[in-house]
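Shown next: structure-v2.pdb, given as PDB, C-alpha atoms (C1' of nucleotides).
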```pdb
MODEL        1
ATOM      1  CA  MET W  17      -2.965  20.637 -10.096
ATOM      2  CA  SER W  18      -4.803  17.650 -11.488
ATOM      3  CA  VAL W  19      -7.830  16.000  -9.929
ATOM      4  CA  GLY W  20      -5.877  12.779  -9.498
ATOM      5  CA  TYR W  21      -3.140  14.320  -7.383
ATOM      6  CA  LEU W  22      -5.594  16.303  -5.308
ATOM      7  CA  MET W  23      -7.667  13.206  -4.584
ATOM      8  CA  ALA W  24      -4.602  11.208  -3.632
ATOM      9  CA  ARG W  25      -3.451  13.938  -1.259
ATOM     10  CA  ALA W  26      -6.839  14.555   0.295
ATOM     11  CA  ARG W  27      -7.323  10.861   0.916
ATOM     12  CA  ALA W  28      -3.797  10.520   2.313
ATOM     13  CA  SER W  29      -4.422  13.424   4.680
ATOM     14  CA  LEU W  30      -7.669  11.894   5.883
ATOM     15  CA  LEU W  31      -6.024   8.517   6.394
ATOM     16  CA  ALA W  32      -2.969   9.960   8.124
ATOM     17  CA  GLY W  33      -5.174  11.967  10.447
ATOM     18  CA  LEU W  34      -7.246   8.925  11.312
ATOM     19  CA  ASP W  35      -4.218   6.719  11.879
ATOM     20  CA  ALA W  36      -2.603   9.318  14.118
ATOM     21  CA  GLU W  37      -5.713   9.815  16.229
ATOM     22  CA  LEU W  38      -6.429   6.091  16.456
ATOM     23  CA  ALA W  39      -2.859   5.146  17.379
ATOM     24  CA  PRO W  40      -3.465   5.650  21.135
ATOM     25  CA  PHE W  41      -6.158   2.979  20.857
ATOM     26  CA  GLY W  42      -3.822   0.574  19.068
ATOM     27  CA  LEU W  43      -5.927   0.605  15.900
ATOM     28  CA  ASN W  44      -5.461   1.835  12.361
ATOM     29  CA  ALA W  45      -8.063   3.326  10.065
ATOM     30  CA  MET W  46      -9.105   0.081   8.367
ATOM     31  CA  GLN W  47      -9.430  -1.828  11.625
ATOM     32  CA  TYR W  48     -11.632   0.958  12.935
ATOM     33  CA  ALA W  49     -13.726   0.966   9.772
ATOM     34  CA  ALA W  50     -14.345  -2.769  10.026
ATOM     35  CA  LEU W  51     -15.247  -2.564  13.702
ATOM     36  CA  LYS W  52     -17.592   0.338  13.018
ATOM     37  CA  HIS W  53     -19.409  -1.584  10.280
ATOM     38  CA  LEU W  54     -19.913  -4.464  12.679
ATOM     39  CA  GLY W  55     -21.082  -2.167  15.450
ATOM     40  CA  ASP W  56     -23.563  -0.499  13.118
ATOM     41  CA  GLY W  57     -24.953  -3.865  12.078
ATOM     42  CA  ILE W  58     -24.103  -3.110   8.443
ATOM     43  CA  ALA W  59     -22.176  -6.379   8.182
ATOM     44  CA  ARG W  60     -22.189  -9.663  10.107
ATOM     45  CA  THR W  61     -19.489 -11.656   8.272
ATOM     46  CA  ALA W  62     -16.112 -11.093   6.656
ATOM     47  CA  ALA W  63     -17.594 -11.375   3.181
ATOM     48  CA  ASP W  64     -20.214  -8.775   4.135
ATOM     49  CA  LEU W  65     -17.492  -6.418   5.257
ATOM     50  CA  CYS W  66     -15.558  -6.911   2.014
ATOM     51  CA  ARG W  67     -18.592  -6.158  -0.118
ATOM     52  CA  HIS W  68     -19.482  -3.023   1.780
ATOM     53  CA  MET W  69     -15.932  -1.748   2.074
ATOM     54  CA  TYR W  70     -14.760  -2.892  -1.388
ATOM     55  CA  TYR W  71     -11.930  -4.677   0.285
ATOM     56  CA  ASP W  72      -9.869  -7.762  -0.424
ATOM     57  CA  THR W  73     -11.034 -10.874   1.431
ATOM     58  CA  GLY W  74      -7.511 -11.973   2.317
ATOM     59  CA  SER W  75      -6.668  -8.607   3.840
ATOM     60  CA  MET W  76      -9.954  -8.608   5.715
ATOM     61  CA  THR W  77      -9.124 -11.929   7.346
ATOM     62  CA  ARG W  78      -5.931 -10.387   8.677
ATOM     63  CA  ILE W  79      -7.698  -7.255   9.924
ATOM     64  CA  LEU W  80     -10.178  -9.442  11.785
ATOM     65  CA  ASP W  81      -7.273 -11.454  13.216
ATOM     66  CA  ARG W  82      -5.978  -8.250  14.822
ATOM     67  CA  LEU W  83      -9.376  -7.217  16.111
ATOM     68  CA  GLU W  84      -9.846 -10.669  17.600
ATOM     69  CA  GLU W  85      -6.370 -10.661  19.189
ATOM     70  CA  LYS W  86      -7.215  -7.339  20.832
ATOM     71  CA  GLY W  87     -10.438  -8.838  22.148
ATOM     72  CA  LEU W  88     -12.639  -6.360  20.279
ATOM     73  CA  VAL W  89     -14.337  -8.931  18.054
ATOM     74  CA  ARG W  90     -15.339 -12.588  18.435
ATOM     75  CA  ARG W  91     -15.619 -15.155  15.645
ATOM     76  CA  GLU W  92     -18.485 -17.601  15.853
ATOM     77  CA  ARG W  93     -19.053 -20.331  13.291
ATOM     78  CA  CYS W  94     -22.566 -20.401  11.856
ATOM     79  CA  ARG W  95     -24.489 -23.620  12.453
ATOM     80  CA  ASP W  96     -26.790 -23.520   9.437
ATOM     81  CA  ASP W  97     -24.077 -22.712   6.882
ATOM     82  CA  ARG W  98     -20.782 -24.014   8.135
ATOM     83  CA  ARG W  99     -18.801 -21.936   5.624
ATOM     84  CA  VAL W 100     -19.646 -18.628   7.240
ATOM     85  CA  VAL W 101     -18.200 -17.186  10.427
ATOM     86  CA  PHE W 102     -20.350 -14.641  12.200
ATOM     87  CA  LEU W 103     -18.517 -11.657  13.663
ATOM     88  CA  ARG W 104     -19.675 -10.239  16.978
ATOM     89  CA  VAL W 105     -18.423  -7.085  18.643
ATOM     90  CA  ALA W 106     -17.049  -8.242  21.988
ATOM     91  CA  ALA W 107     -17.682  -6.392  25.242
ATOM     92  CA  ALA W 108     -14.359  -4.563  25.032
ATOM     93  CA  GLY W 109     -15.192  -3.486  21.498
ATOM     94  CA  ARG W 110     -18.602  -2.221  22.512
ATOM     95  CA  ALA W 111     -16.972  -0.251  25.303
ATOM     96  CA  GLN W 112     -14.425   1.366  22.995
ATOM     97  CA  LEU W 113     -16.650   2.103  20.021
ATOM     98  CA  PRO W 114     -18.119   5.411  21.246
ATOM     99  CA  ARG W 115     -14.653   6.882  21.757
ATOM    100  CA  LEU W 116     -13.494   5.541  18.381
ATOM    101  CA  ARG W 117     -16.547   6.966  16.650
ATOM    102  CA  ALA W 118     -15.847  10.354  18.193
ATOM    103  CA  VAL W 119     -12.298  10.264  16.857
ATOM    104  CA  GLY W 120     -13.435   9.226  13.390
ATOM    105  CA  SER W 121     -16.077  11.911  13.187
ATOM    106  CA  ARG W 122     -13.746  14.599  14.400
ATOM    107  CA  VAL W 123     -11.054  13.832  11.822
ATOM    108  CA  LEU W 124     -13.594  13.965   9.009
ATOM    109  CA  GLU W 125     -15.150  17.148  10.326
ATOM    110  CA  ASP W 126     -11.733  18.763  10.661
ATOM    111  CA  HIS W 127     -11.087  18.097   7.007
ATOM    112  CA  LEU W 128     -14.497  19.472   6.060
ATOM    113  CA  ALA W 129     -14.123  22.611   8.167
ATOM    114  CA  GLY W 130     -15.689  25.548   6.352
ATOM    115  CA  PHE W 131     -17.891  23.341   4.164
ATOM    116  CA  ASN W 132     -21.614  23.969   4.305
ATOM    117  CA  ALA W 133     -24.065  21.113   3.884
ATOM    118  CA  ALA W 134     -24.660  21.814   0.190
ATOM    119  CA  GLU W 135     -20.935  21.744  -0.524
ATOM    120  CA  VAL W 136     -20.509  18.408   1.201
ATOM    121  CA  GLU W 137     -23.397  17.026  -0.848
ATOM    122  CA  SER W 138     -21.845  18.373  -4.052
ATOM    123  CA  LEU W 139     -18.519  16.773  -3.208
ATOM    124  CA  LYS W 140     -20.169  13.431  -2.491
ATOM    125  CA  SER W 141     -22.137  13.639  -5.703
ATOM    126  CA  TYR W 142     -19.007  14.379  -7.753
ATOM    127  CA  LEU W 143     -17.151  11.473  -6.209
ATOM    128  CA  GLY W 144     -20.116   9.190  -6.773
ATOM    129  CA  ARG W 145     -20.240  10.167 -10.425
ATOM    130  CA  MET W 146     -16.524   9.477 -10.830
ATOM    131  CA  ILE W 147     -16.944   6.050  -9.269
ATOM    132  CA  GLU W 148     -19.858   5.300 -11.557
ATOM    133  CA  ASN W 149     -17.905   6.493 -14.596
ATOM    134  CA  GLY W 150     -15.042   4.197 -13.633
ATOM    135  CA  ARG W 151     -17.365   1.265 -13.052
ATOM    136  CA  THR W 152     -19.153   1.498 -16.388
ATOM    137  CA  GLY W 153     -16.501   3.125 -18.550
ATOM    138  CA  LYS W 154     -13.515   1.652 -20.311
ATOM    139  CA  SER W 155     -10.974   2.302 -17.584
TER     140      SER W 155
ATOM    141  CA  MET H 163     -22.005   6.901   2.197
ATOM    142  CA  SER H 164     -19.298   8.935   3.849
ATOM    143  CA  VAL H 165     -16.887  11.266   2.080
ATOM    144  CA  GLY H 166     -13.976   9.106   3.204
ATOM    145  CA  TYR H 167     -15.230   5.931   1.545
ATOM    146  CA  LEU H 168     -16.194   7.748  -1.616
ATOM    147  CA  MET H 169     -12.773   9.344  -1.883
ATOM    148  CA  ALA H 170     -11.049   6.038  -1.328
ATOM    149  CA  ARG H 171     -13.129   4.352  -4.004
ATOM    150  CA  ALA H 172     -12.831   7.161  -6.534
ATOM    151  CA  ARG H 173      -9.083   7.237  -6.119
ATOM    152  CA  ALA H 174      -8.858   3.441  -6.318
ATOM    153  CA  SER H 175     -10.889   3.454  -9.528
ATOM    154  CA  LEU H 176      -8.645   6.119 -11.048
ATOM    155  CA  LEU H 177      -5.533   4.213 -10.046
ATOM    156  CA  ALA H 178      -6.846   0.849 -11.233
ATOM    157  CA  GLY H 179      -7.821   2.366 -14.567
ATOM    158  CA  LEU H 180      -4.391   3.905 -14.979
ATOM    159  CA  ASP H 181      -2.571   0.726 -14.007
ATOM    160  CA  ALA H 182      -4.652  -1.358 -16.407
ATOM    161  CA  GLU H 183      -4.118   0.989 -19.331
ATOM    162  CA  LEU H 184      -0.403   1.409 -18.600
ATOM    163  CA  ALA H 185       0.242  -2.313 -18.184
ATOM    164  CA  PRO H 186       0.883  -2.854 -21.920
ATOM    165  CA  PHE H 187       3.720  -0.341 -21.595
ATOM    166  CA  GLY H 188       5.190  -2.145 -18.597
ATOM    167  CA  LEU H 189       4.585   0.813 -16.291
ATOM    168  CA  ASN H 190       2.381   1.491 -13.306
ATOM    169  CA  ALA H 191       0.698   4.752 -12.372
ATOM    170  CA  MET H 192       3.458   6.080 -10.130
ATOM    171  CA  GLN H 193       6.204   5.315 -12.614
ATOM    172  CA  TYR H 194       4.213   7.158 -15.250
ATOM    173  CA  ALA H 195       3.640  10.100 -12.942
ATOM    174  CA  ALA H 196       7.349  10.419 -12.204
ATOM    175  CA  LEU H 197       8.274  10.177 -15.879
ATOM    176  CA  LYS H 198       5.650  12.775 -16.757
ATOM    177  CA  HIS H 199       6.985  15.215 -14.172
ATOM    178  CA  LEU H 200      10.458  14.827 -15.648
ATOM    179  CA  GLY H 201       9.168  15.222 -19.191
ATOM    180  CA  ASP H 202       7.302  18.383 -18.234
ATOM    181  CA  GLY H 203      10.415  19.842 -16.633
ATOM    182  CA  ILE H 204       8.601  20.163 -13.310
ATOM    183  CA  ALA H 205      11.373  18.241 -11.555
ATOM    184  CA  ARG H 206      15.021  17.518 -12.335
ATOM    185  CA  THR H 207      16.060  15.398  -9.336
ATOM    186  CA  ALA H 208      14.625  12.691  -7.108
ATOM    187  CA  ALA H 209      14.149  15.137  -4.252
ATOM    188  CA  ASP H 210      12.282  17.476  -6.616
ATOM    189  CA  LEU H 211       9.966  14.656  -7.604
ATOM    190  CA  CYS H 212       9.288  13.769  -3.982
ATOM    191  CA  ARG H 213       8.420  17.337  -3.087
ATOM    192  CA  HIS H 214       6.058  17.770  -5.998
ATOM    193  CA  MET H 215       4.432  14.361  -5.671
ATOM    194  CA  TYR H 216       4.416  14.242  -1.840
ATOM    195  CA  TYR H 217       6.194  10.962  -2.056
ATOM    196  CA  ASP H 218       8.672   9.068   0.077
ATOM    197  CA  THR H 219      12.304   9.439  -1.008
ATOM    198  CA  GLY H 220      13.083   5.775  -0.540
ATOM    199  CA  SER H 221      10.182   4.681  -2.706
ATOM    200  CA  MET H 222      11.151   7.248  -5.318
ATOM    201  CA  THR H 223      14.645   5.788  -5.569
ATOM    202  CA  ARG H 224      13.086   2.421  -6.380
ATOM    203  CA  ILE H 225      10.691   3.896  -8.951
ATOM    204  CA  LEU H 226      13.620   5.568 -10.669
ATOM    205  CA  ASP H 227      15.518   2.270 -10.580
ATOM    206  CA  ARG H 228      12.724   0.712 -12.654
ATOM    207  CA  LEU H 229      12.548   3.619 -15.073
ATOM    208  CA  GLU H 230      16.308   3.452 -15.531
ATOM    209  CA  GLU H 231      16.243  -0.350 -16.033
ATOM    210  CA  LYS H 232      13.655   0.135 -18.766
ATOM    211  CA  GLY H 233      15.891   2.718 -20.394
ATOM    212  CA  LEU H 234      13.321   5.504 -20.046
ATOM    213  CA  VAL H 235      15.400   7.670 -17.697
ATOM    214  CA  ARG H 236      19.109   8.296 -17.230
ATOM    215  CA  ARG H 237      20.826   9.272 -13.975
ATOM    216  CA  GLU H 238      23.612  11.823 -14.232
ATOM    217  CA  ARG H 239      25.583  13.015 -11.234
ATOM    218  CA  CYS H 240      25.728  16.795 -10.872
ATOM    219  CA  ARG H 241      29.219  18.303 -10.998
ATOM    220  CA  ASP H 242      28.634  21.411  -8.890
ATOM    221  CA  ASP H 243      26.806  19.657  -6.064
ATOM    222  CA  ARG H 244      27.949  16.085  -5.930
ATOM    223  CA  ARG H 245      25.022  15.057  -3.704
ATOM    224  CA  VAL H 246      22.428  15.508  -6.403
ATOM    225  CA  VAL H 247      21.738  13.238  -9.338
ATOM    226  CA  PHE H 248      20.066  14.859 -12.304
ATOM    227  CA  LEU H 249      17.380  12.824 -14.018
ATOM    228  CA  ARG H 250      17.073  12.998 -17.777
ATOM    229  CA  VAL H 251      14.365  11.474 -19.901
ATOM    230  CA  ALA H 252      16.184   9.093 -22.234
ATOM    231  CA  ALA H 253      15.410   8.817 -25.927
ATOM    232  CA  ALA H 254      13.152   5.809 -25.393
ATOM    233  CA  GLY H 255      11.267   7.725 -22.706
ATOM    234  CA  ARG H 256      10.818  10.732 -24.951
ATOM    235  CA  ALA H 257       9.481   8.445 -27.650
ATOM    236  CA  GLN H 258       6.950   6.789 -25.321
ATOM    237  CA  LEU H 259       5.759   9.859 -23.446
ATOM    238  CA  PRO H 260       3.147  11.047 -25.967
ATOM    239  CA  ARG H 261       1.406   7.694 -25.926
ATOM    240  CA  LEU H 262       1.598   7.545 -22.131
ATOM    241  CA  ARG H 263       0.190  11.035 -21.803
ATOM    242  CA  ALA H 264      -2.696  10.070 -24.048
ATOM    243  CA  VAL H 265      -3.466   7.094 -21.810
ATOM    244  CA  GLY H 266      -3.274   9.183 -18.652
ATOM    245  CA  SER H 267      -5.517  11.902 -20.022
ATOM    246  CA  ARG H 268      -8.076   9.453 -21.299
ATOM    247  CA  VAL H 269      -8.415   7.627 -17.975
ATOM    248  CA  LEU H 270      -8.963  10.907 -16.147
ATOM    249  CA  GLU H 271     -11.414  12.153 -18.749
ATOM    250  CA  ASP H 272     -13.326   8.885 -18.609
ATOM    251  CA  HIS H 273     -13.781   9.346 -14.889
ATOM    252  CA  LEU H 274     -14.880  12.947 -15.379
ATOM    253  CA  ALA H 275     -17.339  12.110 -18.155
ATOM    254  CA  GLY H 276     -20.426  14.297 -17.820
ATOM    255  CA  PHE H 277     -18.629  16.951 -15.765
ATOM    256  CA  ASN H 278     -18.666  20.475 -17.111
ATOM    257  CA  ALA H 279     -15.720  22.807 -16.523
ATOM    258  CA  ALA H 280     -17.314  24.511 -13.530
ATOM    259  CA  GLU H 281     -17.967  21.186 -11.833
ATOM    260  CA  VAL H 282     -14.358  20.088 -12.290
ATOM    261  CA  GLU H 283     -13.221  23.388 -10.788
ATOM    262  CA  SER H 284     -15.581  22.940  -7.851
ATOM    263  CA  LEU H 285     -14.284  19.451  -7.214
ATOM    264  CA  LYS H 286     -10.680  20.627  -7.320
ATOM    265  CA  SER H 287     -11.504  23.495  -4.986
ATOM    266  CA  TYR H 288     -13.192  21.154  -2.482
ATOM    267  CA  LEU H 289     -10.251  18.769  -2.499
ATOM    268  CA  GLY H 290      -7.825  21.654  -2.104
ATOM    269  CA  ARG H 291      -9.742  22.940   0.910
ATOM    270  CA  MET H 292      -9.708  19.483   2.500
ATOM    271  CA  ILE H 293      -5.953  19.233   1.996
ATOM    272  CA  GLU H 294      -5.468  22.666   3.497
ATOM    273  CA  ASN H 295      -7.700  21.786   6.456
ATOM    274  CA  GLY H 296      -5.652  18.663   7.062
ATOM    275  CA  ARG H 297      -2.385  20.555   6.792
ATOM    276  CA  THR H 298      -3.273  23.264   9.266
ATOM    277  CA  GLY H 299      -5.791  21.453  11.478
ATOM    278  CA  LYS H 300      -5.250  19.077  14.341
ATOM    279  CA  SER H 301      -5.491  15.855  12.389
TER     280      SER H 301
ATOM    281  C1'  DG X 233     -28.406 -38.695  -6.262
ATOM    282  C1'  DA X 234     -24.180 -37.082  -8.683
ATOM    283  C1'  DC X 235     -21.546 -33.593 -10.408
ATOM    284  C1'  DA X 236     -20.485 -28.839 -11.600
ATOM    285  C1'  DA X 237     -20.526 -24.225 -10.081
ATOM    286  C1'  DA X 238     -20.660 -20.887  -6.532
ATOM    287  C1'  DT X 239     -19.506 -19.122  -1.956
ATOM    288  C1'  DA X 240     -16.816 -18.395   2.567
ATOM    289  C1'  DA X 241     -12.781 -18.121   4.914
ATOM    290  C1'  DT X 242      -8.089 -18.657   4.927
ATOM    291  C1'  DT X 243      -3.059 -18.782   3.471
ATOM    292  C1'  DG X 244       1.175 -17.788   0.863
ATOM    293  C1'  DC X 245       3.265 -14.721  -2.194
ATOM    294  C1'  DC X 246       4.517 -10.435  -4.333
ATOM    295  C1'  DG X 247       4.848  -5.497  -5.054
ATOM    296  C1'  DA X 248       4.643  -1.006  -3.006
ATOM    297  C1'  DG X 249       4.903   2.669   0.407
ATOM    298  C1'  DG X 250       6.500   4.712   4.814
ATOM    299  C1'  DC X 251      10.104   5.029   8.310
ATOM    300  C1'  DA X 252      14.558   5.018  10.172
ATOM    301  C1'  DG X 253      19.247   4.887   9.484
ATOM    302  C1'  DT X 254      23.615   5.771   6.585
ATOM    303  C1'  DA X 255      27.172   7.933   3.756
ATOM    304  C1'  DA X 256      28.522  11.649   1.126
ATOM    305  C1'  DT X 257      28.384  16.358   0.460
ATOM    306  C1'  DC X 258      27.182  21.119   1.091
ATOM    307  C1'  DT X 259      25.877  25.262   4.082
ATOM    308  C1'  DT X 260      25.855  27.977   8.066
ATOM    309  C1'  DA X 261      27.427  29.793  12.392
ATOM    310  C1'  DT X 262      30.894  30.829  15.514
TER     311       DT X 262
ATOM    312  C1'  DA J  34      38.822  27.109  10.040
ATOM    313  C1'  DT J  35      36.005  24.154  12.087
ATOM    314  C1'  DA J  36      32.087  22.194  13.974
ATOM    315  C1'  DA J  37      27.098  21.598  13.623
ATOM    316  C1'  DG J  38      23.323  21.143  10.928
ATOM    317  C1'  DA J  39      20.989  20.428   6.564
ATOM    318  C1'  DT J  40      20.410  18.039   2.206
ATOM    319  C1'  DT J  41      20.657  14.192  -1.272
ATOM    320  C1'  DA J  42      20.391   9.733  -2.515
ATOM    321  C1'  DC J  43      20.145   5.317  -1.071
ATOM    322  C1'  DT J  44      19.298   0.846   1.781
ATOM    323  C1'  DG J  45      17.055  -2.344   4.986
ATOM    324  C1'  DC J  46      12.933  -3.294   7.538
ATOM    325  C1'  DC J  47       8.155  -3.513   8.406
ATOM    326  C1'  DT J  48       3.326  -3.374   7.218
ATOM    327  C1'  DC J  49      -0.330  -3.562   4.185
ATOM    328  C1'  DG J  50      -3.220  -4.498   0.141
ATOM    329  C1'  DG J  51      -4.205  -7.306  -3.986
ATOM    330  C1'  DC J  52      -3.945 -11.767  -6.372
ATOM    331  C1'  DA J  53      -4.090 -16.620  -6.809
ATOM    332  C1'  DA J  54      -4.616 -21.020  -4.868
ATOM    333  C1'  DT J  55      -6.749 -24.071  -1.217
ATOM    334  C1'  DT J  56     -10.196 -26.173   1.680
ATOM    335  C1'  DA J  57     -14.699 -26.695   3.243
ATOM    336  C1'  DT J  58     -19.261 -26.262   2.349
ATOM    337  C1'  DT J  59     -23.556 -25.179  -0.040
ATOM    338  C1'  DT J  60     -26.421 -24.507  -4.214
ATOM    339  C1'  DG J  61     -27.943 -25.519  -8.709
ATOM    340  C1'  DT J  62     -28.396 -28.745 -12.793
ATOM    341  C1'  DC J  63     -29.147 -32.795 -15.198
TER     342       DC J  63
ENDMDL
END
```
Represent the structure of the file as structure tokens.
Amino acid sequence: MSVGYLMARARASLLAGLDAELAPFGLNAMQYAALKHLGDGIARTAADLCRHMYYDTGSMTRILDRLEEKGLVRRERCRDDRRVVFLRVAAAGRAQLPRLRAVGSRVLEDHLAGFNAAEVESLKSYLGRMIENGRTGKS
Amino acid sequence: MSVGYLMARARASLLAGLDAELAPFGLNAMQYAALKHLGDGIARTAADLCRHMYYDTGSMTRILDRLEEKGLVRRERCRDDRRVVFLRVAAAGRAQLPRLRAVGSRVLEDHLAGFNAAEVESLKSYLGRMIENGRTGKS
DNA sequence: GACAAATAATTGCCGAGGCAGTAATCTTAT
DNA sequence: ATAAGATTACTGCCTCGGCAATTATTTGTC
């Protein structure tokens, strides 16, 4: 089977696994990913999140709406630059994050069962090269 | 970066490349994939296509609607089993397929630029193992 | 300082996929 | 022979992501 189909299926399996395991927490995979980035301090604003996750800004607004509704994230307008809205992990979010991280790690590890460290690195390197080829190449 | 993000981005790049190159033909990646399966004789019915492409039956009906509207595919009710509808590549579809195949192959090859045969096989093997892990494992 | 360009967040819109439900038809079990 | 279950194609419904436009604000240029 072709690389394209295999990638689509592997990604779908990963996503389906994540969504299923996160359902009890009322979150989907993308909501978890955004919350995790905030918790790790990788991003502080919606635009940050979009850049790091290669995600649409409109969709990100809606994801943050859900996280805010659930009380996991707070929005806080910046004083110096009134365009930006800082995102803070709320107390409830901080309380949930360890459990969510455990779920996320387990799903990934399940899919990588039987892989040794060198194989995981090879896989990541191949994927990175494909991304780079797509970024610089014609298509 | 994690395997999950890399897979998502690599797949997105592949899909975006395909969609961009297929746009002049008025097709998207999934429509092309379905047409290709029919042209290759891998599938003869909508249910066949769904099984091979791991795709939802409802969405497949709509994809086939588009392909039929464009005159690339014909639907033909089976006489023996009146539930099934055979799908035939119409003359226009047969005429377009070589060009479409060329586009599809080129996009994939662009993304795999710099890969030797062994590396492609490794990548496919890794993805296959992940799919199998997801199928049998908990998540 | 004024004006153009860039940036941040948001909203509406559209296309696409997954899910559940339906109708028609076939298969299997009793 | 008949009832139960499976299968095929299809339809609505819901959610989600990407795109384009909007508003507010800041930065850069002349």
Go through the shown structure with the PyMOL selection byres ((chain W and resi 34) around 12) and write out the matching residues as a PyMOL selection string. (chain W and resi 27-33+35-49+116-127) or (chain H and resi 166+296+300-301)
Using all atoms listed in the file, which protein or nucleic acid residues come within 7 Å of stretch 44-57 of chain J? Drop anything in the same chain fewer than 3 positions from it, and give the result as a PyMOL selection string. chain W and resi 72+75+99
Counting all atoms listed in the file, which residue out of H:Asn295, H:Thr219, H:Ile204, H:Met169 sits closest to chain J? H:Thr219
Evaluate the PyMOL selection byres ((chain H and resi 256) around 12) against this structure - the residues, as number ranges by chain, please. H: 197-198, 200-202, 233-236, 250-255, 257-263
Enumerate as a PyMOL selection string the residues belonging to chain X that approach chain W to within 9 Å, with only C-alpha atoms (C1' of nucleotides) taken into account. chain X and resi 239-243
Suppose you want the space between atom CA of H:Gly299 and atom C1' of X:DG250; what is it in Å? 21.8 Å
If I take atom CA of H:Ile293 and atom C1' of J:DA39, how far is one from the other in Å, to one decimal?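 One can read the atom CA of H:Ile293 to atom C1' of J:DA39 distance as 27.4 Å.
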Could you tell me which residues of chain J sit within 9 Å of chain H when counting only C-alpha atoms (C1' of nucleotides), and give me the result as a list of chain:residue names?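 So the contacting residues turn out to be J:DT40, J:DT41, J:DA42, J:DC43, J:DT44.
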Could you tell me how far atom CA of W:Tyr70 sits from atom CA of H:Arg291, in Å to one decimal place? 26.4 Å
Go through W:Glu137, W:Arg82, W:Gly57, W:Leu128 and flag the residue nearest chain H, using only C-alpha atoms for the distances. W:Leu128
Taking all atoms of stretch 34-41 of chain J that appear in the file, build a box with edges along x, y and z, extend it by 8 Å on every side, and state its centre and edge lengths in Å to one decimal, as JSON.
```
{"center_x": 29.6, "center_y": 20.7, "center_z": 6.4, "size_x": 34.4, "size_y": 28.9, "size_z": 31.2}
```
From the options H:Thr298, H:Met292, H:Val282, H:Glu230, which residue's atoms come nearest to chain W, counting all atoms listed in the file? H:Met292
